[in-house]
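Undergrad: Before I ask anything, let me first share the structure, which is written out below as structure tokens.
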Amino acid sequence: MRPWAPSVKDRAMTTLSVALSILTSVIIVAITPMKGKLAYFTIFFIAWFVIDSIMIIRKSGSKGVRDALAAKITFIGGFVVILAVASILWSAISRGFKGINFAFLTQTMREASIFDAIGKGGIAHAIVGTLMLITIAIIISVPMGILTALYLTEIKGRAAGIIQFLVQAMAGVPSVVAGLFIYAAVVLYTPLRSSAFLGGLALTILMVPTVTRTAQEVLNLVPRDLREAGLAMGATQWKTVALVVVPAARSGLITATILGVARIAGETAPLLFTIGAFDSYNFNPVKGDNSAIPAIVWKGLLGGTPESIQRAWSAILVLLVIVLVMFVLARTLGSKAMKK
Amino acid sequence: MNVQSNSNDENGTVMSESQNTTPSSLSDVAANRAEKKVAGTAPLGTGLEARGVHAWFDKHHALEDVSLDFSAGTVTALIGPSGCGKSTFIRTLNRMHEFIPNTSMAGQVLLDGKDIYEPGIDVTKIRLQIGMVFQKPNPFPSMTIGENVLSGLKLAQLKVSNHEDLLEECLTRAGLWTEVKDRLGAHAGGLSGGQQQRLCIARALAVKPKVLLMDEPCSALDPGSTLRIEETISQLSKSMTIVIVTHNMQQAARVSDYTAFFLSDGGPGQMIEMGPTNEIFSRPRDQRTENYVTGRFG
């Protein structure tokens, strides 16, 4: 038994107020000049609040009304966020799905042009490129980010304040600046030219602050007690951190990596000056132009033909799926490692 | 070994008995204990000695001029109201005090006659000899029960030839072996609070400390678990020096040979009086001690 569960009457009242609100919004939109989805939503929420308040005020007075208002505002907040995410996902899936086929995933654009019909040419080279970029960025930024976070949380040395400030400043660097920086610092002054490696470096600049700040937060959550327990057993600080603190924060550190990858996976701007443009496979990370899914999307939309735009949408969908698969993989690997 | 055997069946009865103990009979309990304990236990070094210890947090003077002797093989209880500096004091005994930023201290702490604050001393070796059990059970969450017990070996980088023997020995001494011997590979988080605390004791024992500091080890536990830990302390006291901070005066009476009373009159905490536990509870020299042990304040 759950005596606190809403009774049949309560549920009927809730349903009634929602139904009345929908009705009100439909009527108002029909008889006034207000039009569109936004009008429906706005009027619905206002009507819902008013009708619910009338029902509540008899039972709980103005306190209850204020409580209901706060609950509805938070609900609207969550609703708007979910709506935004869902509509992005929906447009990516509904528009991208049409262009997904075997050729799209296995061929390159070497022999196809933007005018070719869907079914000829694909983005396999860009998938390879993106995976290479993400791998390079992970290899560089995860150790860098976690070590920086360890310095900030565990050692708290003299430089901690300034490093903290720099990490925060770095998090605010516009992504195009990251690409320009690598271009200015590497391409102009060294023999290195556009390649996946340079793209990875540019992405690293964006990924390090995300990894660092998230890692810092999870390391701060590790109880002081555990560190003291390690130290009280005659461990050096390094041993305590390596054997106690980092393992205790492992799943959080995996999250930090995931968030870092999410931050960079869709970046186009840093790649503009750093990976060049190539329409076929390039498996050499340090030499030669490469491609990436976000770059394909950008080029596809610029291409302007219906086929080209279709390819761009399909590429977006592929990117979403890749990121999703990486999330799931990282999560399962992380929790498996915990169980062992 | 008999730690587990007697507690399993007597748990209920002993528990109720200990709960019925009124503060007025504290001295009896302590006297009982003094009789049970055979005088002149095996010498284990010369014990621990604090000389003129002061401690500060930033500019706040938390502890003033505490000198205490903990002779080898004894159990000493530190009692006193909250904020009197007991925990601060116990943390100066194995140099854990310095982990809190902006702290300072003065005085000497001698382990076997050697000052642990001497410049150039390897502080990790000190902590290896002076183990600590904390207020809240804090097993390492990422490790199994077995790994937790042996974690000290890895952490302090010690070599031990037979891990299994050490594992069994430590868990037995901590009174936990029979309960966990079949699930050494399980995660420590699945144990009850009392079991976790005994696991932490086993973990501290694995590096073979001469002294064990316990900072209110039972304050987060139920009476049954408290009793088990107290039995463990009695067992351990045969082979090591134990210092225990406690808020529970009955516990002090039950487990300790000596008791030191700490008090702060608004200023820094001071050690008011130290003596054999039954004397502290039956005929304290200081009026403030008497007020405290008879429950007039604190």
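Starting from 1 in every chain, residues are counted up; chains themselves are A, B, ... following the order of the structure tokens, and ligands are numbered from 1 as listed.
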List the spatial neighbours of Gly230 in chain A as a short mmCIF file (atom, residue, chain, number, x, y, z; two decimals) with C-alpha atoms, in the first residue's frame - criterion: any atom at most 12 Å away, only C-alpha atoms, same-chain residues fewer than 4 positions off excluded.

TA:
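Contents of out_38.cif, as written:
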data_model
loop_
_atom_site.label_atom_id
_atom_site.label_comp_id
_atom_site.auth_asym_id
_atom_site.auth_seq_id
_atom_site.Cartn_x
_atom_site.Cartn_y
_atom_site.Cartn_z
CA PRO A 223 36.65 11.93 0.77
CA ARG A 224 39.59 13.41 2.65
CA ASP A 225 39.32 10.40 4.92
CA LEU A 226 40.52 8.05 2.21
CA GLY A 234 53.01 5.09 5.68
CA ALA A 235 52.29 5.70 2.03
CA THR A 236 53.91 8.50 0.11
CA GLN A 237 51.57 11.01 -1.46
CA TRP A 238 52.22 9.55 -4.90
CA LYS A 239 51.24 6.05 -3.74
CA THR A 240 48.12 7.37 -2.03
CA VAL A 241 47.04 9.21 -5.14
CA ALA A 242 47.83 6.33 -7.50
CA LEU A 243 46.36 3.51 -5.41
CA VAL A 244 43.56 5.21 -3.51
CA VAL A 245 42.43 8.55 -4.91
CA MET B 96 48.63 13.68 10.53
CA THR B 124 56.28 7.75 6.09
CA ARG B 127 53.30 6.55 10.18
CA LEU B 128 54.14 2.96 9.40
CA GLY B 131 48.93 3.39 12.68
CA MET B 132 45.59 5.13 12.82
CA VAL B 133 41.92 4.23 12.76
CA PHE B 134 39.53 7.03 11.93
CA ASN B 138 36.89 4.46 5.49
CA PRO B 139 37.70 1.28 3.58
CA PHE B 140 39.00 1.95 0.08
CA ASN B 148 41.83 -3.49 1.59
CA VAL B 149 43.60 -5.44 4.32
CA LEU B 150 46.76 -5.79 2.28
CA SER B 151 46.61 -2.30 0.79
CA GLY B 152 49.17 -1.07 3.29
CA LEU B 153 51.80 -3.34 1.77
CA LYS B 154 51.37 -1.73 -1.60
CA LEU B 155 50.91 1.74 -0.22
CA ALA B 156 53.98 1.59 1.99
CA GLN B 157 55.84 -0.60 -0.53
CA CYS B 200 39.99 -0.63 8.79
CA ARG B 203 44.15 -2.79 7.40
CA ALA B 204 46.05 -0.72 9.94
CA VAL B 207 51.80 -2.95 8.28
#

Undergrad: Skip range 31-45 of chain A itself and residues of its chain fewer than 5 positions away, then list as a list in words all residues within 9 Å of it, counting only C-alpha atoms.

TA: Val18, Ser21, Ile22, Leu23, Thr24, Ser25, Val26, Val50, Lys72 and Ile76 of chain A

Undergrad: Which residue, A:Ile82, A:Ala312, A:Ala71, A:Ile254, has the smallest gap to Thr214 in chain A when you use only C-alpha atoms?

TA: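 Ranking A:Ile82, A:Ala312, A:Ala71, A:Ile254 by distance to Thr214 in chain A, first place goes to A:Ile254.
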
Undergrad: Calculate how many Å separate CA of Ser82 in chain B from CA of Val66 in chain B, rounding to one decimal.

TA: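 CA of Val66 in chain B lies at a distance of 17.0 Å from CA of Ser82 in chain B.
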
Undergrad: If we count only C-alpha atoms and set the cut-off at 12 Å, which residues sit around Ala184 in chain A, ignoring sequence neighbours fewer than 4 positions away in its own chain? Please answer as a list of chain:residue names.

TA: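 Answer for this query is A:Val177, A:Ala178, A:Gly179, A:Leu180, A:Leu188, A:Tyr189, A:Thr190, A:Leu192, A:Arg193, A:Ser194, A:Leu198, A:Ala202, A:Phe273, A:Thr274.
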
Undergrad: What residues in range 127-265 of chain A get the DSSP label helix (DSSP H, G or I)? Please answer as JSON, numbers by chain.

TA: {"A": [127, 128, 129, 130, 131, 132, 133, 134, 135, 136, 137, 138, 139, 140, 141, 142, 143, 144, 145, 146, 147, 148, 149, 150, 151, 152, 153, 154, 155, 160, 161, 162, 163, 164, 165, 166, 167, 168, 169, 170, 171, 175, 176, 177, 178, 179, 180, 181, 182, 183, 184, 185, 186, 187, 196, 197, 198, 199, 200, 201, 202, 203, 204, 205, 206, 207, 208, 209, 210, 211, 212, 213, 214, 215, 216, 217, 218, 219, 220, 221, 224, 225, 226, 227, 228, 229, 230, 231, 232, 237, 238, 239, 240, 241, 242, 243, 244, 245, 246, 247, 248, 250, 251, 252, 253, 254, 255, 256, 257, 258, 259, 260, 261, 262, 263, 264, 265]}

Undergrad: Which of these residues is nearest to chain A, using only C-alpha atoms: B:Gly275, B:Gly267, B:Pro141, B:Gly190?

TA: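 Among the listed residues, the smallest separation from chain A belongs to B:Pro141.
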
Undergrad: Can you work out the spacing between CA of Ile126 in chain B and CA of Gly47 in chain B in Å, to one decimal?

TA: 13.2 Å

Undergrad: Which neighbours of Ala124 in chain A fall inside 6 Å, counting only C-alpha atoms, when residues of the same chain fewer than 3 positions from it are skipped, and could you give them as a list in words?

TA: Leu105, Thr106, Gln107, Thr108 and Ile127 of chain A

Undergrad: Using only C-alpha atoms, which of A:Leu69, A:Ala159, A:Leu203, A:Ala248 sits nearest chain B?

TA: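 Checking each of A:Leu69, A:Ala159, A:Leu203, A:Ala248 against chain B, counting only C-alpha atoms, the winner is A:Ala248.
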
Undergrad: Give me, as a list in words, all polymer residues having an atom no more than 10 Å from Gly85 in chain B, counting only C-alpha atoms and skipping those fewer than 6 positions away in the same chain.

TA: Ala55, His61, Ala62, Leu63, Glu64, Leu78, Ile79, Arg91, Phe262, Leu263, Ser264, Pro268, Gly269, Gln270 and Met271 of chain B

Undergrad: Write the selection just made, keeping N, CA and C atoms, as a PDB file, in the first residue's frame?

TA:
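Result written to again.pdb:
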ATOM      1  N   ALA B  55      49.447  22.875  19.604  1.00  0.00           N
ATOM      2  CA  ALA B  55      49.007  22.807  18.207  1.00  0.00           C
ATOM      3  C   ALA B  55      48.197  24.047  17.887  1.00  0.00           C
ATOM      4  N   HIS B  61      44.976  28.839  18.776  1.00  0.00           N
ATOM      5  CA  HIS B  61      45.763  27.938  19.617  1.00  0.00           C
ATOM      6  C   HIS B  61      44.846  26.822  20.129  1.00  0.00           C
ATOM      7  N   ALA B  62      44.981  25.635  19.579  1.00  0.00           N
ATOM      8  CA  ALA B  62      44.003  24.583  19.864  1.00  0.00           C
ATOM      9  C   ALA B  62      44.430  23.693  21.016  1.00  0.00           C
ATOM     10  N   LEU B  63      45.707  23.646  21.263  1.00  0.00           N
ATOM     11  CA  LEU B  63      46.195  22.664  22.241  1.00  0.00           C
ATOM     12  C   LEU B  63      47.398  23.274  22.933  1.00  0.00           C
ATOM     13  N   GLU B  64      47.404  23.234  24.264  1.00  0.00           N
ATOM     14  CA  GLU B  64      48.465  23.916  24.983  1.00  0.00           C
ATOM     15  C   GLU B  64      49.221  22.945  25.876  1.00  0.00           C
ATOM     16  N   LEU B  78      41.629   8.959  25.755  1.00  0.00           N
ATOM     17  CA  LEU B  78      41.599  10.413  25.881  1.00  0.00           C
ATOM     18  C   LEU B  78      40.135  10.816  25.909  1.00  0.00           C
ATOM     19  N   ILE B  79      39.710  11.418  27.017  1.00  0.00           N
ATOM     20  CA  ILE B  79      38.310  11.827  27.113  1.00  0.00           C
ATOM     21  C   ILE B  79      38.235  13.336  27.297  1.00  0.00           C
ATOM     22  N   ARG B  91      46.202  13.443  16.493  1.00  0.00           N
ATOM     23  CA  ARG B  91      46.742  13.583  15.132  1.00  0.00           C
ATOM     24  C   ARG B  91      48.163  14.135  15.127  1.00  0.00           C
ATOM     25  N   PHE B 262      40.914  15.812  28.924  1.00  0.00           N
ATOM     26  CA  PHE B 262      41.229  17.065  28.239  1.00  0.00           C
ATOM     27  C   PHE B 262      40.083  18.042  28.442  1.00  0.00           C
ATOM     28  N   LEU B 263      40.422  19.322  28.507  1.00  0.00           N
ATOM     29  CA  LEU B 263      39.377  20.324  28.665  1.00  0.00           C
ATOM     30  C   LEU B 263      39.853  21.651  28.093  1.00  0.00           C
ATOM     31  N   SER B 264      38.904  22.370  27.530  1.00  0.00           N
ATOM     32  CA  SER B 264      39.214  23.710  27.063  1.00  0.00           C
ATOM     33  C   SER B 264      38.270  24.661  27.774  1.00  0.00           C
ATOM     34  N   PRO B 268      42.839  27.516  24.578  1.00  0.00           N
ATOM     35  CA  PRO B 268      43.355  26.273  24.025  1.00  0.00           C
ATOM     36  C   PRO B 268      43.040  25.077  24.918  1.00  0.00           C
ATOM     37  N   GLY B 269      42.934  23.903  24.306  1.00  0.00           N
ATOM     38  CA  GLY B 269      42.661  22.703  25.071  1.00  0.00           C
ATOM     39  C   GLY B 269      43.864  22.310  25.908  1.00  0.00           C
ATOM     40  N   GLN B 270      43.579  21.805  27.103  1.00  0.00           N
ATOM     41  CA  GLN B 270      44.666  21.385  27.971  1.00  0.00           C
ATOM     42  C   GLN B 270      44.396  19.988  28.494  1.00  0.00           C
ATOM     43  N   MET B 271      45.481  19.324  28.873  1.00  0.00           N
ATOM     44  CA  MET B 271      45.317  18.038  29.513  1.00  0.00           C
ATOM     45  C   MET B 271      45.212  18.305  31.006  1.00  0.00           C
TER      46      MET B 271
END

Undergrad: For each of B:Lys114, B:Lys86, B:Arg51, B:His187, take the minimum atom-to-atom distance to chain A, counting only C-alpha atoms, then give the residue where this is smallest.

TA: B:His187

Undergrad: Please indicate the distance in Å from CA of Arg250 in chain A to CA of Arg158 in chain A, rounded to one decimal place.

TA: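 One can read the CA of Arg250 in chain A to CA of Arg158 in chain A distance as 26.5 Å.
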
Undergrad: Which residue, B:Gln195, B:Trp56, B:Val211, B:Arg283, has the smallest gap to Ser225 in chain B when you use only C-alpha atoms?

TA: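 So, comparing all the options, the nearest one is B:Gln195.
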
Undergrad: Which residues come within 7 Å of Thr246 in chain B, counting only C-alpha atoms, excluding same-chain residues fewer than 2 positions away, as a PyMOL selection string?

TA: chain B and resi 77-79+216+244+248+252

Undergrad: Write a file of the selected residues as an mmCIF file, in the first residue's frame, keeping N, CA and C atoms.

TA:
data_model
loop_
_atom_site.group_PDB
_atom_site.id
_atom_site.type_symbol
_atom_site.label_atom_id
_atom_site.label_comp_id
_atom_site.auth_asym_id
_atom_site.auth_seq_id
_atom_site.Cartn_x
_atom_site.Cartn_y
_atom_site.Cartn_z
ATOM 1 N N ALA B 77 42.962 6.031 27.156
ATOM 2 C CA ALA B 77 41.797 6.705 26.598
ATOM 3 C C ALA B 77 41.951 8.196 26.796
ATOM 4 N N LEU B 78 41.629 8.959 25.755
ATOM 5 C CA LEU B 78 41.599 10.413 25.881
ATOM 6 C C LEU B 78 40.135 10.816 25.909
ATOM 7 N N ILE B 79 39.710 11.418 27.017
ATOM 8 C CA ILE B 79 38.310 11.827 27.113
ATOM 9 C C ILE B 79 38.235 13.336 27.297
ATOM 10 N N GLU B 216 38.033 8.225 18.013
ATOM 11 C CA GLU B 216 36.605 7.918 18.168
ATOM 12 C C GLU B 216 36.170 6.803 17.221
ATOM 13 N N ILE B 244 43.254 5.802 22.414
ATOM 14 C CA ILE B 244 41.906 5.893 21.859
ATOM 15 C C ILE B 244 41.220 7.159 22.345
ATOM 16 N N ASN B 248 32.728 8.457 24.824
ATOM 17 C CA ASN B 248 31.905 7.583 25.636
ATOM 18 C C ASN B 248 32.711 7.170 26.861
ATOM 19 N N ALA B 252 35.649 4.278 27.724
ATOM 20 C CA ALA B 252 36.967 4.539 28.294
ATOM 21 C C ALA B 252 37.186 3.614 29.490
#

Undergrad: I'd like to know which of B:Thr103, B:Ser256, B:Gln108, B:Gln135 is closest to chain A, using only C-alpha atoms.

TA: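 Looking at the shortest contact to chain A, the residue is B:Gln135.
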